[in-house]
Amino acid sequence: MSEMTFRFAGDQALLVEFENEISIPVNQKVRSLKVALERAKLDGLGELVPAYRSLLIHYDPLVISYQKLMEKVEQLGEHLGNVELPPAIVTEIPVCYEGEYAADIQEIAQIEGKSVEEIIRIHSQSDYFVYMLGFAPGHPYSARMENPFSFKRRETPRVKIPGGSIVVQLGLSDIIPFEQPCGWNIIGTTPVLAYDSRKENPFLLQSGQWMHHVPISPAEFRSIRAQVEAGTYVCRTYEKEA
């Protein structure tokens with residue numbers, strides 16, 4: 001049985017927390033509980049919002065009480081190890097690590113005591129696991145498990161950075177979906193959209209998926225951006241090997 005902590009989140013939401021760490025095994029429990037609740041089809045159940053180590057469960061208290069919902073979650077929590085999750089999907093994200101598209105890459109290389117080429121290799125040769133979407137629509141919080149960078153956030157955040165910026169700290173790497181404030185370092189920029197309101201499903205990525213960054217040139221960036229604007233570009237995806 002998974003150990004869970006229950007917290008009130010207003011009068012129409014229940015927050016379920018697992019172990020206090022950022023790891024794939026803990027996040028797997030979050031996703032397993034989400035899938036189990038979706039399959040249970042409880043009356044009164046609303047949106048389910050997964051995070052690193054927690055699941056926010058919206059519900060209608062006029063249909064199902066907090067106590068009944070908590071009891072059902074406890075029951076489902078006893079069998080999370082038996083929940084079959086969807087296949088792990090990798091999405092390839094094209095990234096330009098040059099010039100205006102990589103505002104902080106020289107600084108990153110200096111901090112790490114490595115060449116720019118080595119920084120690009122580290123970032124682009126790892127698969128990043130998407131733990132959650134947050135802060136802004138479609139904004140993926142992802143991390144790699146090996147060889148993290150040594151730096152954290154910048155001392156002074158920027159008031160705004162361009163949409164498509166790939167920002168990093170430690171082992172984390174995010175895609176900024178559109179112009180917004182940010183305190184992380186910009187290692188590159190992708191021409192694809194993390195959030196595209198023109199699509200029925202506007203989010204490029206979902207929690208539980210993976211992404212792999214593929215270096216591209218400025219010319220390739222402009223070509224892909226034109227395809228994205230025309231609505232014809234599709235990122236390559238494939239199942240991750242076990």
# chains A, B, ... in the order shown; residues from 1 in each chain; ligands from 1

call {"tool": "closest_atom_pairs", "arguments": {"of": "range 33-57 of chain A", "to": "range 81-99 of chain A", "cutoff": "10 Å", "atoms": "only C-alpha atoms", "output": "Markdown table"}}
result
| residue | atom | partner | partner_atom | distance |
| --- | --- | --- | --- | --- |
| A:Leu33 | CA | A:Val83 | CA | 8.2 |
| A:Lys34 | CA | A:Leu85 | CA | 9.9 |
| A:Val35 | CA | A:Leu85 | CA | 7.4 |
| A:Ala36 | CA | A:Val83 | CA | 6.8 |

call {"tool": "select_by_dssp", "arguments": {"residues": "range 1-225 of chain A", "states": "strand (DSSP E)", "output": "ChimeraX atom specification"}}
result
/A:5-8,13-17,45-50,54-59,89-96,127-133,140-143,158-161,165-169,172-175,180-182,185-189,210-216

call {"tool": "closest_residue", "arguments": {"among": "A:Leu76, A:Glu47, A:Pro191, A:Leu204", "to": "Ala219 in chain A", "atoms": "only C-alpha atoms"}}
result
A:Pro191

call {"tool": "residues_around", "arguments": {"residues": "Ile175 in chain A", "least_positions_apart": "6", "cutoff": "8 Å", "atoms": "only C-alpha atoms", "output": "ChimeraX atom specification"}}
result
/A:139-141,164-167,194

call {"tool": "write_last_selection", "arguments": {"atoms": "N, CA and C atoms", "output": "PDB file, in the first residue's frame"}}
result
ATOM      1  N   HIS A 139       3.363  24.255 -20.098  1.00  0.00           N
ATOM      2  CA  HIS A 139       4.745  24.403 -19.620  1.00  0.00           C
ATOM      3  C   HIS A 139       5.210  23.105 -18.951  1.00  0.00           C
ATOM      4  N   PRO A 140       6.106  22.331 -19.612  1.00  0.00           N
ATOM      5  CA  PRO A 140       6.524  21.041 -19.038  1.00  0.00           C
ATOM      6  C   PRO A 140       7.695  21.196 -18.068  1.00  0.00           C
ATOM      7  N   TYR A 141       7.564  20.604 -16.912  1.00  0.00           N
ATOM      8  CA  TYR A 141       8.675  20.507 -15.960  1.00  0.00           C
ATOM      9  C   TYR A 141       9.300  19.126 -16.137  1.00  0.00           C
ATOM     10  N   GLY A 164       9.275  29.578 -26.434  1.00  0.00           N
ATOM     11  CA  GLY A 164      10.134  28.611 -27.108  1.00  0.00           C
ATOM     12  C   GLY A 164      11.496  28.476 -26.467  1.00  0.00           C
ATOM     13  N   SER A 165      11.831  29.378 -25.527  1.00  0.00           N
ATOM     14  CA  SER A 165      13.119  29.277 -24.835  1.00  0.00           C
ATOM     15  C   SER A 165      13.207  27.960 -24.079  1.00  0.00           C
ATOM     16  N   ILE A 166      14.370  27.310 -24.166  1.00  0.00           N
ATOM     17  CA  ILE A 166      14.647  26.114 -23.380  1.00  0.00           C
ATOM     18  C   ILE A 166      15.498  26.579 -22.198  1.00  0.00           C
ATOM     19  N   VAL A 167      14.968  26.427 -20.999  1.00  0.00           N
ATOM     20  CA  VAL A 167      15.643  26.943 -19.811  1.00  0.00           C
ATOM     21  C   VAL A 167      16.053  25.787 -18.904  1.00  0.00           C
ATOM     22  N   ALA A 194       4.988  24.568 -27.335  1.00  0.00           N
ATOM     23  CA  ALA A 194       4.565  23.724 -26.216  1.00  0.00           C
ATOM     24  C   ALA A 194       3.065  23.835 -25.989  1.00  0.00           C
TER      25      ALA A 194
END

call {"tool": "closest_residue", "arguments": {"among": "A:Gln206, A:Lys152, A:Arg158, A:Val192", "to": "Val234 in chain A", "atoms": "only C-alpha atoms"}}
result
A:Val192

call {"tool": "closest_residue", "arguments": {"among": "A:Lys68, A:Arg53, A:His212, A:Lys160", "to": "Glu17 in chain A", "atoms": "only C-alpha atoms"}}
result
A:Arg53

call {"tool": "residues_around", "arguments": {"residues": "Ser142 in chain A", "least_positions_apart": "4", "cutoff": "12 Å", "atoms": "only C-alpha atoms", "output": "mmCIF file with N, CA and C atoms, in the first residue's frame"}}
result
data_model
loop_
_atom_site.group_PDB
_atom_site.id
_atom_site.type_symbol
_atom_site.label_atom_id
_atom_site.label_comp_id
_atom_site.auth_asym_id
_atom_site.auth_seq_id
_atom_site.Cartn_x
_atom_site.Cartn_y
_atom_site.Cartn_z
ATOM 1 N N ILE A 22 11.532 14.297 -5.544
ATOM 2 C CA ILE A 22 11.298 14.316 -6.982
ATOM 3 C C ILE A 22 11.995 13.100 -7.575
ATOM 4 N N SER A 23 11.215 12.107 -7.960
ATOM 5 C CA SER A 23 11.770 10.891 -8.542
ATOM 6 C C SER A 23 10.708 10.224 -9.407
ATOM 7 N N ILE A 24 11.157 9.426 -10.354
ATOM 8 C CA ILE A 24 10.215 8.721 -11.227
ATOM 9 C C ILE A 24 9.352 7.731 -10.440
ATOM 10 N N ASN A 27 6.625 9.751 -8.757
ATOM 11 C CA ASN A 27 5.715 10.296 -9.754
ATOM 12 C C ASN A 27 4.867 9.210 -10.397
ATOM 13 N N ALA A 51 1.226 16.530 -10.178
ATOM 14 C CA ALA A 51 2.440 17.322 -9.988
ATOM 15 C C ALA A 51 3.593 16.359 -9.717
ATOM 16 N N TYR A 52 4.741 16.889 -9.258
ATOM 17 C CA TYR A 52 5.902 16.034 -8.994
ATOM 18 C C TYR A 52 5.536 14.865 -8.085
ATOM 19 N N SER A 126 20.525 13.379 -23.528
ATOM 20 C CA SER A 126 19.756 12.785 -22.435
ATOM 21 C C SER A 126 18.269 12.831 -22.742
ATOM 22 N N ASP A 127 17.548 11.824 -22.293
ATOM 23 C CA ASP A 127 16.090 11.876 -22.320
ATOM 24 C C ASP A 127 15.620 12.558 -21.041
ATOM 25 N N TYR A 128 14.663 13.456 -21.190
ATOM 26 C CA TYR A 128 14.107 14.177 -20.040
ATOM 27 C C TYR A 128 12.701 13.672 -19.753
ATOM 28 N N PHE A 129 12.455 13.331 -18.490
ATOM 29 C CA PHE A 129 11.145 12.833 -18.080
ATOM 30 C C PHE A 129 10.253 14.014 -17.704
ATOM 31 N N VAL A 130 9.044 14.065 -18.263
ATOM 32 C CA VAL A 130 8.103 15.148 -17.978
ATOM 33 C C VAL A 130 7.299 14.790 -16.727
ATOM 34 N N TYR A 131 7.602 15.476 -15.647
ATOM 35 C CA TYR A 131 6.920 15.204 -14.379
ATOM 36 C C TYR A 131 5.532 15.831 -14.329
ATOM 37 N N MET A 132 5.398 17.048 -14.884
ATOM 38 C CA MET A 132 4.139 17.773 -14.728
ATOM 39 C C MET A 132 4.092 18.937 -15.706
ATOM 40 N N LEU A 133 2.897 19.491 -15.868
ATOM 41 C CA LEU A 133 2.714 20.757 -16.573
ATOM 42 C C LEU A 133 2.289 21.789 -15.536
ATOM 43 N N GLY A 134 2.859 23.001 -15.633
ATOM 44 C CA GLY A 134 2.511 23.999 -14.633
ATOM 45 C C GLY A 134 3.035 25.372 -14.980
ATOM 46 N N ILE A 166 14.370 27.310 -24.166
ATOM 47 C CA ILE A 166 14.647 26.114 -23.380
ATOM 48 C C ILE A 166 15.498 26.579 -22.198
ATOM 49 N N VAL A 167 14.968 26.427 -20.999
ATOM 50 C CA VAL A 167 15.643 26.943 -19.811
ATOM 51 C C VAL A 167 16.053 25.787 -18.904
ATOM 52 N N VAL A 168 17.194 25.955 -18.229
ATOM 53 C CA VAL A 168 17.764 24.852 -17.461
ATOM 54 C C VAL A 168 18.274 25.310 -16.104
ATOM 55 N N GLN A 169 18.316 24.355 -15.186
ATOM 56 C CA GLN A 169 19.032 24.466 -13.923
ATOM 57 C C GLN A 169 19.186 23.045 -13.383
ATOM 58 N N LEU A 170 20.311 22.775 -12.733
ATOM 59 C CA LEU A 170 20.593 21.439 -12.196
ATOM 60 C C LEU A 170 20.278 20.393 -13.276
ATOM 61 N N GLY A 171 19.422 19.416 -12.964
ATOM 62 C CA GLY A 171 19.058 18.408 -13.953
ATOM 63 C C GLY A 171 17.744 18.709 -14.645
ATOM 64 N N LEU A 172 17.203 19.920 -14.439
ATOM 65 C CA LEU A 172 15.885 20.273 -14.957
ATOM 66 C C LEU A 172 15.992 21.010 -16.289
ATOM 67 N N SER A 173 14.989 20.838 -17.132
ATOM 68 C CA SER A 173 14.924 21.532 -18.417
ATOM 69 C C SER A 173 13.458 21.749 -18.776
ATOM 70 N N ASP A 174 13.078 23.015 -19.020
ATOM 71 C CA ASP A 174 11.691 23.352 -19.336
ATOM 72 C C ASP A 174 11.603 24.038 -20.688
ATOM 73 N N ILE A 175 10.427 23.957 -21.302
ATOM 74 C CA ILE A 175 10.123 24.749 -22.496
ATOM 75 C C ILE A 175 9.187 25.877 -22.078
ATOM 76 N N ILE A 176 9.574 27.122 -22.363
ATOM 77 C CA ILE A 176 8.706 28.255 -22.072
ATOM 78 C C ILE A 176 7.674 28.363 -23.202
ATOM 79 N N LEU A 205 3.121 18.196 -24.841
ATOM 80 C CA LEU A 205 3.577 17.129 -23.944
ATOM 81 C C LEU A 205 2.583 16.928 -22.802
ATOM 82 N N GLN A 206 2.676 15.749 -22.185
ATOM 83 C CA GLN A 206 1.863 15.420 -21.021
ATOM 84 C C GLN A 206 2.763 14.822 -19.947
ATOM 85 N N SER A 207 2.320 14.892 -18.709
ATOM 86 C CA SER A 207 3.091 14.268 -17.632
ATOM 87 C C SER A 207 3.205 12.771 -17.886
ATOM 88 N N GLY A 208 4.374 12.220 -17.574
ATOM 89 C CA GLY A 208 4.612 10.800 -17.790
ATOM 90 C C GLY A 208 5.276 10.503 -19.125
ATOM 91 N N GLN A 209 5.382 11.510 -20.001
ATOM 92 C CA GLN A 209 6.081 11.333 -21.266
ATOM 93 C C GLN A 209 7.553 11.727 -21.100
ATOM 94 N N TRP A 210 8.305 11.580 -22.176
ATOM 95 C CA TRP A 210 9.707 11.958 -22.200
ATOM 96 C C TRP A 210 9.937 12.900 -23.375
ATOM 97 N N MET A 211 11.007 13.692 -23.297
ATOM 98 C CA MET A 211 11.406 14.453 -24.476
ATOM 99 C C MET A 211 12.909 14.346 -24.675
ATOM 100 N N HIS A 212 13.288 14.420 -25.953
ATOM 101 C CA HIS A 212 14.691 14.326 -26.342
ATOM 102 C C HIS A 212 15.005 15.510 -27.241
ATOM 103 N N HIS A 213 16.019 16.311 -26.876
ATOM 104 C CA HIS A 213 16.359 17.511 -27.620
ATOM 105 C C HIS A 213 17.292 17.181 -28.787
#

call {"tool": "select_by_dssp", "arguments": {"residues": "range 78-237 of chain A", "states": "alpha helix (DSSP H)", "output": "MDAnalysis selection string"}}
result
chainID A and resid 105:112 116:124 218:230

call {"tool": "write_last_selection", "arguments": {"atoms": "N, CA and C atoms", "output": "mmCIF file, in the first residue's frame"}}
result
data_model
loop_
_atom_site.group_PDB
_atom_site.id
_atom_site.type_symbol
_atom_site.label_atom_id
_atom_site.label_comp_id
_atom_site.auth_asym_id
_atom_site.auth_seq_id
_atom_site.Cartn_x
_atom_site.Cartn_y
_atom_site.Cartn_z
ATOM 1 N N ILE A 105 24.170 30.349 -23.125
ATOM 2 C CA ILE A 105 24.967 29.126 -23.259
ATOM 3 C C ILE A 105 26.452 29.372 -22.975
ATOM 4 N N GLN A 106 26.958 30.542 -23.340
ATOM 5 C CA GLN A 106 28.358 30.849 -23.039
ATOM 6 C C GLN A 106 28.568 30.934 -21.524
ATOM 7 N N GLU A 107 27.634 31.571 -20.829
ATOM 8 C CA GLU A 107 27.723 31.680 -19.374
ATOM 9 C C GLU A 107 27.615 30.311 -18.720
ATOM 10 N N ILE A 108 26.719 29.473 -19.248
ATOM 11 C CA ILE A 108 26.566 28.106 -18.725
ATOM 12 C C ILE A 108 27.873 27.339 -18.873
ATOM 13 N N ALA A 109 28.477 27.441 -20.046
ATOM 14 C CA ALA A 109 29.737 26.736 -20.298
ATOM 15 C C ALA A 109 30.826 27.221 -19.336
ATOM 16 N N GLN A 110 30.861 28.518 -19.089
ATOM 17 C CA GLN A 110 31.863 29.072 -18.176
ATOM 18 C C GLN A 110 31.646 28.571 -16.754
ATOM 19 N N ILE A 111 30.406 28.563 -16.304
ATOM 20 C CA ILE A 111 30.096 28.077 -14.955
ATOM 21 C C ILE A 111 30.501 26.613 -14.799
ATOM 22 N N GLU A 112 30.226 25.813 -15.835
ATOM 23 C CA GLU A 112 30.472 24.377 -15.757
ATOM 24 C C GLU A 112 31.919 24.013 -16.076
ATOM 25 N N VAL A 116 31.224 24.953 -25.084
ATOM 26 C CA VAL A 116 29.828 25.040 -25.506
ATOM 27 C C VAL A 116 29.391 23.732 -26.151
ATOM 28 N N GLU A 117 30.269 23.144 -26.937
ATOM 29 C CA GLU A 117 29.942 21.876 -27.605
ATOM 30 C C GLU A 117 29.626 20.777 -26.589
ATOM 31 N N GLU A 118 30.387 20.755 -25.492
ATOM 32 C CA GLU A 118 30.144 19.744 -24.458
ATOM 33 C C GLU A 118 28.829 20.006 -23.739
ATOM 34 N N ILE A 119 28.495 21.266 -23.504
ATOM 35 C CA ILE A 119 27.216 21.612 -22.870
ATOM 36 C C ILE A 119 26.056 21.156 -23.759
ATOM 37 N N ILE A 120 26.189 21.397 -25.060
ATOM 38 C CA ILE A 120 25.140 20.950 -25.993
ATOM 39 C C ILE A 120 25.017 19.441 -25.972
ATOM 40 N N ARG A 121 26.165 18.749 -25.945
ATOM 41 C CA ARG A 121 26.142 17.289 -25.925
ATOM 42 C C ARG A 121 25.441 16.779 -24.670
ATOM 43 N N ILE A 122 25.753 17.350 -23.518
ATOM 44 C CA ILE A 122 25.129 16.921 -22.266
ATOM 45 C C ILE A 122 23.618 17.093 -22.330
ATOM 46 N N HIS A 123 23.195 18.258 -22.820
ATOM 47 C CA HIS A 123 21.763 18.555 -22.827
ATOM 48 C C HIS A 123 21.004 17.743 -23.876
ATOM 49 N N SER A 124 21.629 17.522 -25.023
ATOM 50 C CA SER A 124 20.904 16.900 -26.135
ATOM 51 C C SER A 124 21.019 15.382 -26.185
ATOM 52 N N PRO A 218 20.377 27.470 -37.225
ATOM 53 C CA PRO A 218 19.443 28.587 -37.373
ATOM 54 C C PRO A 218 18.571 28.471 -38.623
ATOM 55 N N ALA A 219 19.161 27.982 -39.724
ATOM 56 C CA ALA A 219 18.381 27.812 -40.950
ATOM 57 C C ALA A 219 17.284 26.774 -40.758
ATOM 58 N N GLU A 220 17.607 25.675 -40.093
ATOM 59 C CA GLU A 220 16.605 24.647 -39.811
ATOM 60 C C GLU A 220 15.541 25.192 -38.859
ATOM 61 N N PHE A 221 15.963 26.013 -37.910
ATOM 62 C CA PHE A 221 15.009 26.643 -36.989
ATOM 63 C C PHE A 221 13.967 27.431 -37.763
ATOM 64 N N ARG A 222 14.430 28.286 -38.696
ATOM 65 C CA ARG A 222 13.507 29.117 -39.452
ATOM 66 C C ARG A 222 12.583 28.274 -40.333
ATOM 67 N N SER A 223 13.115 27.193 -40.888
ATOM 68 C CA SER A 223 12.301 26.312 -41.730
ATOM 69 C C SER A 223 11.212 25.623 -40.911
ATOM 70 N N ILE A 224 11.599 25.098 -39.748
ATOM 71 C CA ILE A 224 10.615 24.422 -38.899
ATOM 72 C C ILE A 224 9.597 25.413 -38.368
ATOM 73 N N ARG A 225 10.041 26.622 -37.992
ATOM 74 C CA ARG A 225 9.108 27.634 -37.494
ATOM 75 C C ARG A 225 8.054 27.964 -38.545
ATOM 76 N N ALA A 226 8.464 28.050 -39.818
ATOM 77 C CA ALA A 226 7.510 28.314 -40.897
ATOM 78 C C ALA A 226 6.481 27.183 -40.999
ATOM 79 N N GLN A 227 6.950 25.938 -40.839
ATOM 80 C CA GLN A 227 6.031 24.791 -40.874
ATOM 81 C C GLN A 227 5.087 24.811 -39.673
ATOM 82 N N VAL A 228 5.610 25.189 -38.510
ATOM 83 C CA VAL A 228 4.775 25.289 -37.314
ATOM 84 C C VAL A 228 3.691 26.339 -37.515
ATOM 85 N N GLU A 229 4.059 27.486 -38.055
ATOM 86 C CA GLU A 229 3.090 28.550 -38.292
ATOM 87 C C GLU A 229 2.030 28.124 -39.302
ATOM 88 N N ALA A 230 2.429 27.268 -40.248
ATOM 89 C CA ALA A 230 1.478 26.764 -41.247
ATOM 90 C C ALA A 230 0.656 25.599 -40.721
#

call {"tool": "atom_distance", "arguments": {"atom1": "CA of Glu241 in chain A", "atom2": "CA of Ile216 in chain A"}}
result
24.1 Å

call {"tool": "closest_residue", "arguments": {"among": "A:Phe203, A:Glu3, A:Glu78, A:Lys72", "to": "Pro137 in chain A", "atoms": "only C-alpha atoms"}}
result
A:Phe203

call {"tool": "atom_distance", "arguments": {"atom1": "CA of Asp196 in chain A", "atom2": "CA of Phe178 in chain A"}}
result
9.9 Å

call {"tool": "closest_residue", "arguments": {"among": "A:Thr237, A:Gln12, A:Gln125, A:Thr156", "to": "Cys182 in chain A", "atoms": "only C-alpha atoms"}}
result
A:Thr156

call {"tool": "decode", "arguments": {"residues": "range 46-59 of chain A", "atoms": "N, CA, C and O atoms", "output": "PDB file, in the first residue's frame"}}
result
ATOM      1  N   GLY A  46     -14.019  15.627 -10.670  1.00  0.00           N
ATOM      2  CA  GLY A  46     -13.690  16.673 -11.628  1.00  0.00           C
ATOM      3  C   GLY A  46     -12.294  16.508 -12.184  1.00  0.00           C
ATOM      4  O   GLY A  46     -11.808  15.381 -12.360  1.00  0.00           O
ATOM      5  N   GLU A  47     -11.623  17.615 -12.451  1.00  0.00           N
ATOM      6  CA  GLU A  47     -10.287  17.583 -13.052  1.00  0.00           C
ATOM      7  C   GLU A  47      -9.267  16.988 -12.089  1.00  0.00           C
ATOM      8  O   GLU A  47      -9.314  17.219 -10.876  1.00  0.00           O
ATOM      9  N   LEU A  48      -8.331  16.215 -12.644  1.00  0.00           N
ATOM     10  CA  LEU A  48      -7.236  15.625 -11.873  1.00  0.00           C
ATOM     11  C   LEU A  48      -5.942  16.283 -12.330  1.00  0.00           C
ATOM     12  O   LEU A  48      -5.609  16.244 -13.507  1.00  0.00           O
ATOM     13  N   VAL A  49      -5.207  16.879 -11.386  1.00  0.00           N
ATOM     14  CA  VAL A  49      -4.021  17.675 -11.731  1.00  0.00           C
ATOM     15  C   VAL A  49      -2.779  17.051 -11.094  1.00  0.00           C
ATOM     16  O   VAL A  49      -2.538  17.207  -9.896  1.00  0.00           O
ATOM     17  N   PRO A  50      -1.960  16.323 -11.872  1.00  0.00           N
ATOM     18  CA  PRO A  50      -0.756  15.702 -11.321  1.00  0.00           C
ATOM     19  C   PRO A  50       0.388  16.697 -11.199  1.00  0.00           C
ATOM     20  O   PRO A  50       0.526  17.607 -12.027  1.00  0.00           O
ATOM     21  N   ALA A  51       1.226  16.530 -10.178  1.00  0.00           N
ATOM     22  CA  ALA A  51       2.440  17.322  -9.988  1.00  0.00           C
ATOM     23  C   ALA A  51       3.593  16.359  -9.717  1.00  0.00           C
ATOM     24  O   ALA A  51       3.475  15.147  -9.913  1.00  0.00           O
ATOM     25  N   TYR A  52       4.741  16.889  -9.258  1.00  0.00           N
ATOM     26  CA  TYR A  52       5.902  16.034  -8.994  1.00  0.00           C
ATOM     27  C   TYR A  52       5.536  14.865  -8.085  1.00  0.00           C
ATOM     28  O   TYR A  52       5.841  13.704  -8.380  1.00  0.00           O
ATOM     29  N   ARG A  53       4.906  15.173  -6.943  1.00  0.00           N
ATOM     30  CA  ARG A  53       4.677  14.157  -5.915  1.00  0.00           C
ATOM     31  C   ARG A  53       3.263  14.201  -5.344  1.00  0.00           C
ATOM     32  O   ARG A  53       3.005  13.699  -4.250  1.00  0.00           O
ATOM     33  N   SER A  54       2.348  14.801  -6.055  1.00  0.00           N
ATOM     34  CA  SER A  54       0.997  14.955  -5.548  1.00  0.00           C
ATOM     35  C   SER A  54      -0.020  14.946  -6.672  1.00  0.00           C
ATOM     36  O   SER A  54       0.311  15.155  -7.836  1.00  0.00           O
ATOM     37  N   LEU A  55      -1.269  14.698  -6.289  1.00  0.00           N
ATOM     38  CA  LEU A  55      -2.381  14.746  -7.231  1.00  0.00           C
ATOM     39  C   LEU A  55      -3.487  15.592  -6.614  1.00  0.00           C
ATOM     40  O   LEU A  55      -3.955  15.309  -5.503  1.00  0.00           O
ATOM     41  N   LEU A  56      -3.881  16.648  -7.332  1.00  0.00           N
ATOM     42  CA  LEU A  56      -4.995  17.489  -6.887  1.00  0.00           C
ATOM     43  C   LEU A  56      -6.266  16.968  -7.527  1.00  0.00           C
ATOM     44  O   LEU A  56      -6.362  16.875  -8.754  1.00  0.00           O
ATOM     45  N   ILE A  57      -7.237  16.619  -6.689  1.00  0.00           N
ATOM     46  CA  ILE A  57      -8.482  16.018  -7.159  1.00  0.00           C
ATOM     47  C   ILE A  57      -9.619  17.009  -6.949  1.00  0.00           C
ATOM     48  O   ILE A  57     -10.000  17.301  -5.813  1.00  0.00           O
ATOM     49  N   HIS A  58     -10.151  17.537  -8.031  1.00  0.00           N
ATOM     50  CA  HIS A  58     -11.323  18.407  -7.947  1.00  0.00           C
ATOM     51  C   HIS A  58     -12.576  17.525  -7.898  1.00  0.00           C
ATOM     52  O   HIS A  58     -12.667  16.509  -8.584  1.00  0.00           O
ATOM     53  N   TYR A  59     -13.539  17.931  -7.098  1.00  0.00           N
ATOM     54  CA  TYR A  59     -14.764  17.140  -6.979  1.00  0.00           C
ATOM     55  C   TYR A  59     -15.945  18.049  -6.622  1.00  0.00           C
ATOM     56  O   TYR A  59     -15.776  19.185  -6.174  1.00  0.00           O
TER      57      TYR A  59
END
